[in-house]
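File shown here: query-v3.txt, holding compact mmCIF, C-alpha atoms and all ligand atoms.
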```
# COMPACT_ATOMS: atom_id res chain seq x y z
CA MET A 20 22.19 57.87 30.51
CA THR A 21 21.86 58.38 34.25
CA ALA A 22 24.81 57.87 36.57
CA GLY A 23 23.03 54.80 37.99
CA ASP A 24 22.88 53.20 34.58
CA GLN A 25 26.48 53.91 33.83
CA ASP A 26 27.52 52.09 37.02
CA ARG A 27 25.87 48.89 35.83
CA GLU A 28 27.75 46.26 33.84
CA PRO A 29 27.02 46.60 30.12
CA ILE A 30 24.90 43.72 28.87
CA ALA A 31 26.73 41.49 26.40
CA PHE A 32 24.74 42.38 23.34
CA ASP A 33 26.77 42.61 20.20
CA PRO A 34 24.61 43.31 17.11
CA SER A 35 27.41 41.96 14.89
CA ASP A 36 27.39 38.52 16.60
CA PRO A 37 26.33 35.83 14.02
CA GLU A 38 24.79 33.64 16.74
CA LEU A 39 22.60 36.56 17.79
CA ALA A 40 21.56 37.04 14.16
CA ARG A 41 20.54 33.38 13.87
CA CYS A 42 18.33 33.35 16.93
CA PRO A 43 17.92 36.79 18.51
CA GLN A 44 14.56 36.29 20.23
CA ARG A 45 15.94 34.61 23.37
CA ARG A 46 18.48 37.38 23.81
CA TYR A 47 15.74 39.99 23.41
CA ALA A 48 13.74 38.24 26.14
CA ALA A 49 16.84 38.36 28.37
CA LEU A 50 17.07 42.13 27.81
CA HIS A 51 13.46 42.50 28.93
CA ALA A 52 14.03 40.26 31.96
CA GLU A 53 16.75 42.64 33.14
CA GLY A 54 14.03 45.11 34.05
CA SER A 55 14.84 48.50 32.60
CA SER A 56 14.07 49.09 28.97
CA HIS A 57 17.37 50.81 28.31
CA ARG A 58 20.66 49.05 28.41
CA LEU A 59 24.24 49.76 27.70
CA ALA A 60 25.24 47.64 24.75
CA LEU A 61 28.21 47.48 22.42
CA ALA A 62 30.57 50.46 22.74
CA GLY A 63 28.46 51.84 25.55
CA SER A 64 25.55 52.80 23.31
CA PRO A 65 22.15 52.70 24.87
CA VAL A 66 19.46 50.54 23.29
CA ILE A 67 15.73 50.90 23.66
CA SER A 68 14.07 47.53 23.86
CA ARG A 69 10.57 47.93 25.33
CA TYR A 70 7.70 48.26 22.86
CA GLU A 71 6.11 51.27 24.56
CA ASP A 72 9.40 53.20 24.75
CA ALA A 73 10.40 52.29 21.19
CA LEU A 74 7.04 53.55 19.94
CA TRP A 75 7.44 56.83 21.83
CA ALA A 76 10.97 57.35 20.49
CA LEU A 77 9.92 56.62 16.90
CA ARG A 78 7.04 59.07 17.16
CA HIS A 79 9.11 61.94 18.62
CA PRO A 80 11.67 62.90 15.97
CA GLU A 81 12.20 66.28 17.65
CA VAL A 82 13.97 64.33 20.43
CA PHE A 83 15.05 61.14 18.61
CA SER A 84 16.47 62.56 15.38
CA SER A 85 17.26 60.70 12.14
CA GLU A 86 19.78 63.36 11.08
CA LEU A 87 22.86 61.29 11.83
CA ASP A 88 26.19 62.10 10.31
CA ILE A 89 26.59 58.72 8.60
CA GLN A 90 26.20 59.59 4.98
CA LEU A 91 29.88 59.21 4.15
CA ALA A 92 29.94 55.73 5.67
CA LEU A 93 27.22 54.67 3.23
CA GLY A 94 28.89 56.11 0.15
CA THR A 95 26.37 58.93 -0.20
CA GLU A 96 27.29 62.57 -0.77
CA ARG A 97 24.18 63.99 0.91
CA PRO A 98 21.59 62.65 3.36
CA MET A 99 19.24 60.07 1.85
CA ILE A 100 15.70 61.33 1.42
CA PRO A 101 13.43 61.00 3.38
CA GLN A 102 15.12 58.66 5.88
CA GLN A 103 17.95 60.90 7.07
CA ILE A 104 15.89 64.09 7.32
CA ASP A 105 13.63 65.13 10.20
CA PRO A 106 10.15 66.64 9.96
CA PRO A 107 8.98 69.22 9.01
CA ARG A 108 11.31 69.03 5.95
CA GLN A 109 10.77 65.27 5.69
CA THR A 110 6.96 65.73 5.62
CA ARG A 111 7.08 67.44 2.22
CA PHE A 112 8.85 64.44 0.71
CA ARG A 113 6.39 61.96 2.21
CA LYS A 114 3.51 63.98 0.72
CA ILE A 115 5.07 63.41 -2.69
CA LEU A 116 6.14 59.80 -2.16
CA ASP A 117 3.24 58.24 -0.21
CA PRO A 118 0.78 58.29 -3.16
CA LEU A 119 3.39 56.63 -5.41
CA PHE A 120 3.60 53.64 -3.03
CA SER A 121 -0.05 53.46 -1.93
CA ARG A 122 -1.67 50.06 -1.39
CA LYS A 123 -3.95 50.61 -4.38
CA ARG A 124 -1.07 51.40 -6.72
CA MET A 125 0.94 48.46 -5.55
CA LEU A 126 -1.96 46.05 -6.13
CA GLU A 127 -1.92 47.11 -9.80
CA ILE A 128 1.43 45.37 -10.27
CA GLU A 129 0.35 42.10 -8.57
CA PRO A 130 -0.10 40.14 -11.85
CA ASP A 131 3.41 41.14 -13.00
CA LEU A 132 4.88 40.22 -9.66
CA ARG A 133 3.18 36.84 -9.72
CA SER A 134 4.59 36.02 -13.13
CA HIS A 135 8.12 37.12 -12.04
CA ALA A 136 7.82 34.84 -8.99
CA ALA A 137 6.50 31.92 -11.09
CA ALA A 138 9.30 32.31 -13.65
CA LEU A 139 11.95 32.20 -10.93
CA ILE A 140 10.36 29.09 -9.37
CA ASP A 141 10.21 27.43 -12.82
CA GLY A 142 14.00 27.78 -12.89
CA PHE A 143 14.58 25.47 -9.89
CA VAL A 144 11.41 23.52 -8.99
CA GLY A 145 12.34 20.50 -11.13
CA ALA A 146 15.79 20.20 -9.57
CA GLY A 147 14.37 19.24 -6.16
CA SER A 148 16.69 21.67 -4.37
CA CYS A 149 17.92 25.25 -4.43
CA GLU A 150 19.99 27.69 -2.48
CA PHE A 151 17.00 29.89 -1.77
CA ASN A 152 18.79 33.19 -1.26
CA ARG A 153 20.51 33.16 -4.65
CA ALA A 154 17.72 31.42 -6.54
CA PHE A 155 14.80 33.53 -5.30
CA ALA A 156 15.18 35.89 -2.34
CA ILE A 157 17.82 38.12 -4.01
CA PRO A 158 16.53 38.45 -7.59
CA TYR A 159 12.78 38.66 -6.82
CA PRO A 160 12.68 42.10 -5.09
CA CYS A 161 15.24 43.44 -7.54
CA ILE A 162 13.15 42.45 -10.59
CA THR A 163 10.12 44.05 -8.93
CA PHE A 164 12.05 47.24 -8.26
CA LEU A 165 13.34 47.47 -11.85
CA ARG A 166 9.75 47.05 -13.08
CA LEU A 167 8.44 49.84 -10.81
CA MET A 168 11.24 52.23 -11.70
CA GLY A 169 10.85 51.46 -15.43
CA LEU A 170 14.44 50.20 -15.70
CA PRO A 171 15.55 47.35 -18.00
CA ARG A 172 15.51 43.82 -16.62
CA GLU A 173 18.97 43.30 -18.15
CA ASP A 174 20.31 45.68 -15.47
CA LEU A 175 19.59 43.09 -12.76
CA ASP A 176 23.23 42.06 -12.20
CA LEU A 177 24.48 45.65 -12.36
CA PHE A 178 21.89 46.68 -9.78
CA LEU A 179 22.81 43.88 -7.40
CA GLU A 180 26.48 44.75 -7.75
CA MET A 181 25.88 48.46 -7.04
CA LYS A 182 23.72 47.70 -3.98
CA ASP A 183 26.19 45.17 -2.57
CA GLY A 184 29.01 47.64 -3.16
CA ILE A 185 27.40 49.76 -0.45
CA ILE A 186 25.84 47.17 1.85
CA ARG A 187 28.56 44.51 1.83
CA PRO A 188 31.72 45.84 0.16
CA PRO A 189 34.11 43.03 -0.88
CA THR A 190 36.97 44.32 1.28
CA PRO A 191 38.93 42.57 4.07
CA ALA A 192 36.90 42.27 7.31
CA GLY A 193 37.79 45.09 9.69
CA ASP A 194 39.47 47.29 7.05
CA LEU A 195 37.16 50.26 7.50
CA GLU A 196 39.18 52.57 5.26
CA ALA A 197 39.05 50.16 2.31
CA ALA A 198 35.32 49.62 2.90
CA ALA A 199 34.65 53.39 2.95
CA LEU A 200 36.61 53.85 -0.28
CA HIS A 201 34.73 51.01 -1.98
CA ARG A 202 31.40 52.45 -0.82
CA ALA A 203 32.30 55.92 -2.08
CA GLN A 204 33.10 54.45 -5.53
CA ALA A 205 29.91 52.38 -5.55
CA GLY A 206 27.99 55.51 -4.50
CA LYS A 207 29.35 57.45 -7.50
CA ARG A 208 28.19 54.67 -9.85
CA ILE A 209 24.72 54.73 -8.30
CA TYR A 210 24.42 58.52 -8.73
CA ALA A 211 25.65 58.26 -12.32
CA TYR A 212 23.21 55.44 -13.12
CA PHE A 213 20.19 57.36 -11.82
CA GLU A 214 21.42 60.65 -13.43
CA THR A 215 21.15 58.92 -16.79
CA ALA A 216 17.75 57.39 -16.01
CA ILE A 217 16.33 60.75 -14.85
CA GLU A 218 17.70 62.63 -17.87
CA ALA A 219 16.20 60.06 -20.26
CA ARG A 220 12.75 60.66 -18.75
CA ARG A 221 12.95 64.46 -18.84
CA SER A 222 12.54 64.35 -22.61
CA ASP A 223 10.57 61.09 -22.71
CA PRO A 224 8.29 60.71 -19.62
CA ARG A 225 6.92 57.19 -19.05
CA ASP A 226 4.64 55.28 -16.74
CA ASP A 227 7.15 54.64 -13.96
CA VAL A 228 8.21 55.96 -10.55
CA ILE A 229 11.16 58.00 -11.88
CA SER A 230 8.83 59.86 -14.29
CA ASP A 231 6.40 60.35 -11.36
CA LEU A 232 9.21 62.00 -9.38
CA LEU A 233 9.82 64.39 -12.31
CA ARG A 234 6.11 65.28 -12.45
CA ALA A 235 5.73 65.63 -8.65
CA ASN A 236 5.42 68.98 -6.91
CA ILE A 237 4.04 70.31 -3.64
CA ASN A 238 2.82 73.92 -3.65
CA GLU A 239 4.23 74.50 -7.14
CA GLU A 240 7.64 73.36 -5.93
CA PRO A 241 9.01 70.41 -7.93
CA LEU A 242 11.77 68.13 -6.65
CA THR A 243 15.29 69.28 -7.49
CA HIS A 244 17.62 67.02 -9.47
CA ASN A 245 19.67 66.21 -6.34
CA GLU A 246 16.55 65.49 -4.30
CA MET A 247 15.48 62.95 -6.92
CA LEU A 248 18.91 61.33 -6.81
CA ASP A 249 18.85 61.17 -3.00
CA ILE A 250 15.43 59.51 -3.10
CA CYS A 251 16.48 56.93 -5.73
CA PHE A 252 19.63 56.12 -3.76
CA LEU A 253 17.53 55.29 -0.71
CA PHE A 254 15.10 53.18 -2.74
CA LEU A 255 18.01 51.07 -3.91
CA LEU A 256 19.39 50.61 -0.38
CA GLY A 257 16.07 50.29 1.46
CA GLY A 258 13.85 48.38 -0.93
CA LEU A 259 15.84 45.30 -1.89
CA ASP A 260 17.80 43.73 0.99
CA THR A 261 14.93 44.22 3.42
CA VAL A 262 12.60 42.06 1.31
CA THR A 263 15.37 39.52 0.61
CA ALA A 264 16.05 39.22 4.34
CA THR A 265 12.37 38.88 5.26
CA LEU A 266 11.80 36.18 2.63
CA GLY A 267 14.85 34.23 3.83
CA CYS A 268 13.90 34.46 7.52
CA SER A 269 10.29 33.46 6.75
CA MET A 270 11.27 30.44 4.61
CA LEU A 271 13.87 29.31 7.17
CA TYR A 272 11.19 29.44 9.86
CA LEU A 273 8.65 27.56 7.73
CA ALA A 274 11.22 24.94 6.66
CA GLY A 275 11.86 24.16 10.32
CA ASN A 276 8.22 24.25 11.42
CA PRO A 277 6.28 21.87 9.15
CA GLN A 278 3.02 22.10 11.15
CA GLN A 279 2.93 25.85 10.59
CA ARG A 280 3.82 25.43 6.91
CA ARG A 281 1.00 22.91 6.45
CA LYS A 282 -1.48 25.47 7.75
CA LEU A 283 -0.49 27.82 4.93
CA VAL A 284 -0.66 25.09 2.30
CA ALA A 285 -4.12 24.02 3.53
CA SER A 286 -5.40 27.62 3.88
CA PRO A 287 -3.54 30.03 1.60
CA GLY A 288 -5.94 32.73 2.83
CA LEU A 289 -3.88 32.68 6.04
CA ILE A 290 -0.73 33.85 4.23
CA PRO A 291 -1.24 37.63 4.78
CA GLU A 292 -1.58 36.94 8.54
CA ALA A 293 1.52 34.73 8.44
CA VAL A 294 3.46 37.51 6.68
CA GLU A 295 2.65 39.88 9.57
CA GLU A 296 3.40 37.40 12.33
CA LEU A 297 6.70 36.38 10.74
CA LEU A 298 7.65 40.05 10.33
CA ARG A 299 6.98 40.46 14.07
CA TRP A 300 8.78 37.31 15.17
CA GLU A 301 11.78 37.54 12.84
CA THR A 302 12.04 41.38 12.53
CA PRO A 303 14.79 41.26 9.87
CA VAL A 304 15.56 45.00 10.24
CA THR A 305 16.55 44.53 13.87
CA GLY A 306 16.96 48.16 14.85
CA VAL A 307 17.13 51.80 13.75
CA PRO A 308 19.60 54.40 15.04
CA ARG A 309 18.67 57.84 16.37
CA LEU A 310 20.57 60.87 17.73
CA ILE A 311 19.28 62.46 20.95
CA LYS A 312 18.56 66.17 20.35
CA ARG A 313 17.76 67.17 23.94
CA ASN A 314 17.97 65.55 27.36
CA VAL A 315 14.97 63.33 27.91
CA ARG A 316 13.69 60.80 30.43
CA LEU A 317 12.14 57.66 28.93
CA GLY A 318 11.29 54.38 30.65
CA GLY A 319 12.78 55.76 33.86
CA VAL A 320 16.16 56.53 32.27
CA GLU A 321 17.76 59.86 31.34
CA PHE A 322 19.18 60.19 27.84
CA SER A 323 21.60 63.01 27.12
CA GLU A 324 21.80 65.28 24.12
CA GLY A 325 24.31 63.83 21.65
CA ASP A 326 23.76 60.15 22.65
CA LEU A 327 23.50 57.80 19.70
CA VAL A 328 20.84 55.20 20.49
CA LEU A 329 19.63 52.05 18.81
CA ILE A 330 15.88 51.45 18.88
CA LEU A 331 15.74 47.67 18.93
CA LEU A 332 12.64 46.92 16.84
CA GLY A 333 13.21 43.17 17.15
CA ALA A 334 13.18 43.32 20.96
CA ALA A 335 10.12 45.60 21.01
CA ASN A 336 8.31 43.04 18.84
CA VAL A 337 8.71 40.28 21.43
CA ASP A 338 7.77 42.41 24.43
CA GLU A 339 5.24 40.43 26.52
CA ALA A 340 3.65 43.69 27.67
CA GLU A 341 2.42 44.28 24.11
CA PHE A 342 2.27 40.74 22.70
CA PRO A 343 0.93 38.14 25.17
CA GLU A 344 2.81 34.84 24.76
CA ALA A 345 5.24 36.74 22.58
CA ALA A 346 7.41 33.66 21.96
CA ARG A 347 4.50 31.77 20.36
CA VAL A 348 4.31 32.24 16.59
CA ASP A 349 0.57 32.49 16.06
CA PHE A 350 -0.63 33.39 12.58
CA GLU A 351 -4.02 34.25 14.03
CA ARG A 352 -2.70 36.50 16.79
CA GLU A 353 -5.13 39.29 17.64
CA ARG A 354 -2.72 42.08 18.60
CA LYS A 355 -0.22 42.48 15.80
CA ARG A 356 0.79 46.14 15.74
CA HIS A 357 4.42 45.16 15.23
CA LEU A 358 7.25 47.63 14.61
CA ALA A 359 9.05 45.72 11.83
CA PHE A 360 8.33 48.66 9.49
CA GLY A 361 9.08 51.25 12.19
CA SER A 362 6.47 53.82 13.24
CA GLY A 363 5.91 57.58 13.28
CA PRO A 364 6.95 59.91 10.46
CA HIS A 365 9.66 57.58 9.11
CA ARG A 366 7.40 54.50 9.00
CA CYS A 367 8.43 52.42 5.98
CA LEU A 368 7.34 54.03 2.73
CA GLY A 369 7.49 50.65 0.98
CA SER A 370 5.39 48.62 3.44
CA HIS A 371 2.51 48.03 0.98
CA LEU A 372 4.97 46.97 -1.70
CA ALA A 373 6.85 44.74 0.75
CA ARG A 374 3.65 43.09 1.98
CA LEU A 375 2.54 42.44 -1.59
CA GLU A 376 5.94 40.97 -2.55
CA LEU A 377 5.96 38.71 0.52
CA ARG A 378 2.37 37.52 0.11
CA VAL A 379 2.74 36.73 -3.60
CA ALA A 380 6.06 34.95 -3.02
CA LEU A 381 4.73 32.77 -0.20
CA GLU A 382 1.57 31.97 -2.21
CA GLU A 383 3.48 30.93 -5.33
CA LEU A 384 6.20 29.03 -3.45
CA HIS A 385 3.75 26.99 -1.36
CA ARG A 386 1.47 26.31 -4.32
CA ARG A 387 4.35 24.80 -6.30
CA ILE A 388 6.46 23.37 -3.44
CA PRO A 389 4.12 22.56 -0.57
CA ASP A 390 6.63 20.52 1.41
CA TYR A 391 10.31 21.29 1.77
CA GLY A 392 13.08 21.32 4.34
CA VAL A 393 16.63 22.43 4.99
CA GLU A 394 19.05 20.03 3.28
CA PRO A 395 20.10 17.46 5.92
CA GLY A 396 23.63 18.03 7.21
CA LYS A 397 23.76 21.64 5.98
CA SER A 398 23.56 24.73 8.23
CA PRO A 399 21.92 27.94 7.03
CA LEU A 400 23.84 31.18 7.63
CA VAL A 401 22.24 34.40 8.83
CA SER A 402 24.04 37.75 8.58
CA PRO A 403 24.07 40.21 11.47
CA GLY A 404 22.52 43.69 11.15
CA ILE A 405 19.86 43.12 8.55
CA ARG A 406 19.14 39.41 9.13
CA GLU A 407 19.61 38.06 5.63
CA VAL A 408 19.76 34.25 5.35
CA THR A 409 22.81 34.33 3.13
CA TYR A 410 22.87 30.53 2.75
CA LEU A 411 19.58 28.60 2.77
CA PRO A 412 19.85 25.15 1.12
CA LEU A 413 16.30 23.79 0.67
CA VAL A 414 15.29 20.34 -0.65
CA TRP A 415 12.04 18.68 -1.75
CA ASP A 416 11.11 15.84 -4.08
CA GLU A 417 9.78 16.32 -7.61
CA GLY A 418 6.20 16.33 -6.32
CA GLY A 419 7.07 19.28 -4.11
CA ARG A 420 7.36 17.09 -1.00
CA ALA A 421 10.15 17.39 1.58
CA ALA A 422 13.07 15.03 0.97
CA PRO A 423 13.62 12.21 3.53
CA GLY A 424 15.26 13.50 6.69
CA ASN A 425 12.91 16.45 7.06
C1 LIG B 501 9.99 43.61 4.44
C2 LIG B 501 10.62 44.62 3.86
C3 LIG B 501 10.92 45.91 4.54
C4 LIG B 501 11.20 46.17 5.86
C5 LIG B 501 11.26 45.18 7.01
C6 LIG B 501 11.43 47.61 5.96
C7 LIG B 501 11.72 48.26 7.14
C8 LIG B 501 11.80 49.63 7.27
C9 LIG B 501 11.96 50.35 8.52
C10 LIG B 501 12.13 49.68 9.89
C11 LIG B 501 11.97 51.67 8.25
C12 LIG B 501 12.08 52.82 9.26
C13 LIG B 501 13.47 53.40 9.30
C14 LIG B 501 13.63 54.42 10.41
O1 LIG B 501 12.72 54.67 11.19
O2 LIG B 501 14.75 54.98 10.49
C15 LIG B 501 11.84 51.82 6.82
C16 LIG B 501 11.84 53.03 6.15
C17 LIG B 501 11.82 53.13 4.78
N1 LIG B 501 11.61 52.12 3.87
FE1 LIG B 501 11.33 50.17 4.29
N2 LIG B 501 11.31 48.17 4.72
C18 LIG B 501 10.98 47.19 3.83
C19 LIG B 501 10.76 47.33 2.47
C20 LIG B 501 10.84 48.51 1.78
C21 LIG B 501 10.64 48.64 0.36
C22 LIG B 501 10.24 47.52 -0.60
C23 LIG B 501 10.86 49.94 0.04
C24 LIG B 501 10.77 50.50 -1.37
C25 LIG B 501 10.46 51.65 -1.68
C26 LIG B 501 11.19 50.65 1.28
C27 LIG B 501 11.49 51.98 1.39
C28 LIG B 501 11.66 52.65 2.60
C29 LIG B 501 11.89 54.09 2.68
C30 LIG B 501 12.00 55.07 1.51
C31 LIG B 501 11.99 54.38 4.06
C32 LIG B 501 12.27 55.75 4.67
C33 LIG B 501 10.95 56.41 5.06
C34 LIG B 501 11.14 57.75 5.75
O3 LIG B 501 12.19 57.97 6.34
O4 LIG B 501 10.21 58.57 5.67
N3 LIG B 501 11.17 49.74 2.30
N4 LIG B 501 11.71 50.57 6.26
```
Re-express the file's structure as C-alpha cells.
Ligand code: HEM
Amino acid sequence: MTAGDQDREPIAFDPSDPELARCPQRRYAALHAEGSSHRLALAGSPVISRYEDALWALRHPEVFSSELDIQLALGTERPMIPQQIDPPRQTRFRKILDPLFSRKRMLEIEPDLRSHAAALIDGFVGAGSCEFNRAFAIPYPCITFLRLMGLPREDLDLFLEMKDGIIRPPTPAGDLEAAALHRAQAGKRIYAYFETAIEARRSDPRDDVISDLLRANINEEPLTHNEMLDICFLFLLGGLDTVTATLGCSMLYLAGNPQQRRKLVASPGLIPEAVEELLRWETPVTGVPRLIKRNVRLGGVEFSEGDLVLILLGAANVDEAEFPEAARVDFERERKRHLAFGSGPHRCLGSHLARLELRVALEELHRRIPDYGVEPGKSPLVSPGIREVTYLPLVWDEGGRAAPGN
C-alpha cells in the first residue's frame, strides 16, 4: 500500500464479526462511501471492494496470485487443484474439468436432483416447521455430490463429518494448534477415502466423475494419482458448503420479504432470475484471497509484492457504479454480471451445478410450501466467512401457509 494509505486509520471491518455476517451490505456501502476502493482492514490487510478493481484483480493472476501458502491450514498436503494453482498450469486442469461440469451435463441430472429435493421436503412438510439448515440446506448438496461422484448415499454422514472436520473443526475457539491438528487428521481421512474410490474405479470404470477423471487426458497426458486426489479434495471443500450457504441466505431473505416470495410463487419462471439476484445481494462467499506477485497500482493505490489481499466479492456486488440502485433486490434487474462465482481463470467450476441445485430447490420448496416465515421469537444465526445460516427455524401451516405472526 502507499504511504498515504498507511497513514489512514484502518476501517473497522472484521470478516469474523457475526453481526457483519448477518447483514454485510450496509458495511460494504460504507466502504464504498469512504472513497478509495482499497482499505486497510483486519490485521492491516488491504481489501479490494470496488467492482471494477475486483474484476481486474481476478482477471490478472500474474499479479494477483492464488498460490498462497495455506495448504497446511486446510489439512491438505499439497495445493488443491485447480484453485491454488496459477495459469498456465491451472489451464490444463480446467480443460479437463470444464466439460465434466458443463451446463448440458448438469441438466442431465435434473430429474434426480428434483426427486432428492422432493424426498427431503417430504420428511418435514407435514410437521409445519423445520430447522432449514439441518433439514435441507446441508444434506441436499451433499446427496447431489455423492450422486455425481458415484459414491454411496449411505456415506452422507461420513462425508459431512469429513468436510466439517476441515471447515469447522470441533476444537476450542481460538486454539489454532488444536484446529490445525484436527484438520490434518480430517485431511488424511479425506485422502484415504478418495484413494479407495479411485482404486475401485481403475479396475471397474463407471458413469461418474471419478471415472471421468481416470479417463481424462490432455495431449496424451493423463492426470496423476495425486492430481486426482487434489481435485477431489477441492470438490469436497468447494462444492457443498457454498450451496448450503446460498440456500440458507436465499431462504432467510425470502422468509423476511413475503412480497418478493409471492412473486416467485405466482411466477416460478422468475426463479432463475431470483437465484442470480440473491447470489449478487447475499454473496455467501464474501471474498477470495490473493498474493501480490509484483508491485502494482490499482484504483489509485499501490500494492506491494508479498501483500496478502482480500478481494471482497460481496462489496463489489453492491457497487453502485456497476449496479444502479444496488441496495434494491430486483429479480428483473438488467445488469447482473455479479461476482458471486468469481471471475477470470478461477471462475467457479461448479457454477452450472450450483445454479441447477438452487433453481430446483427453490422451485420444489415454493411449490410445496408457498408461504412460510421465521419462527416468531427465534433469531437465525449466520456464520462469518462463508455466510452459512447455521440456524434457520422456519414455520408454516399444514397448507403450506405462514404461521400467524409472519
Ligand atoms: C452457490 C454455490 C457456489 C458459490 C457461491 C461458489 C463460489 C466460488 C468462487 C467465488 C470461486 C472462485 C475462487 C477464487 O477465485 O479463488 C469458486 C471456485 C471454484 N468452485 Fe465454486 N462456488 C459454488 C459452488 C460450487 C460447486 C457446486 C462446485 C462443485 C464442483 C464448485 C467448485 C469450484 C471449484 C473446483 C473452484 C476452483 C476453480 C479454479 O480455481 O479454477 N463450486 N467457487
**Message:** Give me, as a ChimeraX atom specification, the set of residues whose atoms come within 8 Å of any atom of ligand LIG 501 (chain B), counting only C-alpha atoms and all ligand atoms.
**Reply:** /A:77,85,100-104,109-110,112-113,120,160,164,250,253-255,257-266,298,302-309,332,358-374,377
**Item:** Selected residue of minimal separation from Leu87 (chain A) among A:Leu170, A:Ile67, A:Leu310, A:Ala211, counting only C-alpha atoms
**Value:**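 The answer is A:Leu310, which sits nearest to Leu87 (chain A).
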Can you list, as a PDB file with C-alpha atoms, in the frame of the given file, every protein, DNA or RNA residue that comes within 12 Å of Gln278 (chain A) when you count all atoms listed in the file, leaving out same-chain residues fewer than 4 positions away?
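Output file part-v1.pdb follows:
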```pdb
ATOM      1  CA  TYR A 272      11.190  29.440   9.860  1.00  0.00           C
ATOM      2  CA  LEU A 273       8.650  27.560   7.730  1.00  0.00           C
ATOM      3  CA  ALA A 274      11.220  24.940   6.660  1.00  0.00           C
ATOM      4  CA  LYS A 282      -1.480  25.470   7.750  1.00  0.00           C
ATOM      5  CA  LEU A 283      -0.490  27.820   4.930  1.00  0.00           C
ATOM      6  CA  VAL A 284      -0.660  25.090   2.300  1.00  0.00           C
ATOM      7  CA  ALA A 285      -4.120  24.020   3.530  1.00  0.00           C
ATOM      8  CA  VAL A 348       4.310  32.240  16.590  1.00  0.00           C
ATOM      9  CA  ASP A 349       0.570  32.490  16.060  1.00  0.00           C
ATOM     10  CA  PHE A 350      -0.630  33.390  12.580  1.00  0.00           C
ATOM     11  CA  PRO A 389       4.120  22.560  -0.570  1.00  0.00           C
ATOM     12  CA  ASP A 390       6.630  20.520   1.410  1.00  0.00           C
ATOM     13  CA  TYR A 391      10.310  21.290   1.770  1.00  0.00           C
TER      14      TYR A 391
END
```
**Request:** Write out as a PyMOL selection string which residues come within 12 Å of Leu232 (chain A) when counting all atoms listed in the file, dropping same-chain ones fewer than 5 positions away.
**Result:** chain A and resi 112-120+168+216-217+220-221+224-227+237+240-251
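Straight-line separation from CA of Glu295 (chain A) to CA of Arg78 (chain A): 21.1 Å.
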**Which residue of A:Ile311, A:Glu344, A:Leu413, A:Phe213 approaches Leu329 (chain A) most closely, using only C-alpha atoms** =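 Of all the options, A:Ile311 lies closest to Leu329 (chain A).
Interatomic distance, CA of Asp33 (chain A) to CA of Ala156 (chain A): 26.2 Å.
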**CA of Ser35 (chain A) to CA of Pro65 (chain A), straight-line distance in Å** = 15.6 Å
**Request:** Skip Ala346 (chain A) itself and residues of its chain fewer than 5 positions away, then list as a PyMOL selection string all residues within 9 Å of it, counting only C-alpha atoms.
**Result:** chain A and resi 44-45+48+300+337+339
May I have the selected residues written with C-alpha atoms, as a PDB file, in the coordinates of the input?
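Below you can see result_31.pdb, which holds the result:
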```pdb
ATOM      1  CA  GLN A  44      14.560  36.290  20.230  1.00  0.00           C
ATOM      2  CA  ARG A  45      15.940  34.610  23.370  1.00  0.00           C
ATOM      3  CA  ALA A  48      13.740  38.240  26.140  1.00  0.00           C
ATOM      4  CA  TRP A 300       8.780  37.310  15.170  1.00  0.00           C
ATOM      5  CA  VAL A 337       8.710  40.280  21.430  1.00  0.00           C
ATOM      6  CA  GLU A 339       5.240  40.430  26.520  1.00  0.00           C
TER       7      GLU A 339
END
```
**Prompt:** What lies within 12 Å of Ala345 (chain A) using only C-alpha atoms, ignoring chain neighbours under 3 positions off, as a ChimeraX atom specification?
**Reply:** /A:44-45,47-48,51,70,296-297,299-301,333-342,348-349,352-355,357
**Message:** So, with all atoms listed in the file as the atoms that count, which of A:Arg122, A:His385, A:Arg347, A:His135 lies closest to Pro277 (chain A)?
**Reply:** A:His385
**For Ser84 (chain A), the nearest of the candidates A:Lys182, A:Arg124, A:Arg313, A:Arg172, counting all atoms listed in the file** =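 Looking at the shortest contact to Ser84 (chain A), the residue is A:Arg313.
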**Asked** With only C-alpha atoms as the atoms that count, which of A:Glu180, A:Glu196, A:Leu400, A:Leu175 lies nearest to Pro158 (chain A)?
**Response**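 The shortest atom-to-atom distance to Pro158 (chain A) comes from A:Leu175.
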**Top pick for closest residue to Ile157 (chain A), considering A:Asp416, A:Glu407, A:Glu127, A:Asp88 and counting all atoms listed in the file** =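 Closest to Ile157 (chain A) of all the choices is A:Glu407.
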**Request:** Write out as a list of chain:residue names each polymer residue whose atoms come within 9 Å of Val315 (chain A), counting all atoms listed in the file; drop sequence neighbours fewer than 5 positions from it.
**Result:**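 These residues fall inside the cut-off: A:Val82, A:Val320, A:Glu321, A:Phe322, A:Ser323, A:Glu324.
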List every residue of region 90-151 of chain A that has an atom at most 9 Å from any atom of region 183-193 of chain A, giving for each one its closest atom pair and the distance in Å to one decimal, counting only C-alpha atoms, sorted by chain and then by ascending residue number, as a Markdown table.
```
| residue | atom | partner | partner_atom | distance |
| --- | --- | --- | --- | --- |
| A:Ala92 | CA | A:Ile185 | CA | 8.9 |
| A:Leu93 | CA | A:Ile185 | CA | 6.1 |
| A:Gly94 | CA | A:Ile185 | CA | 6.6 |
```
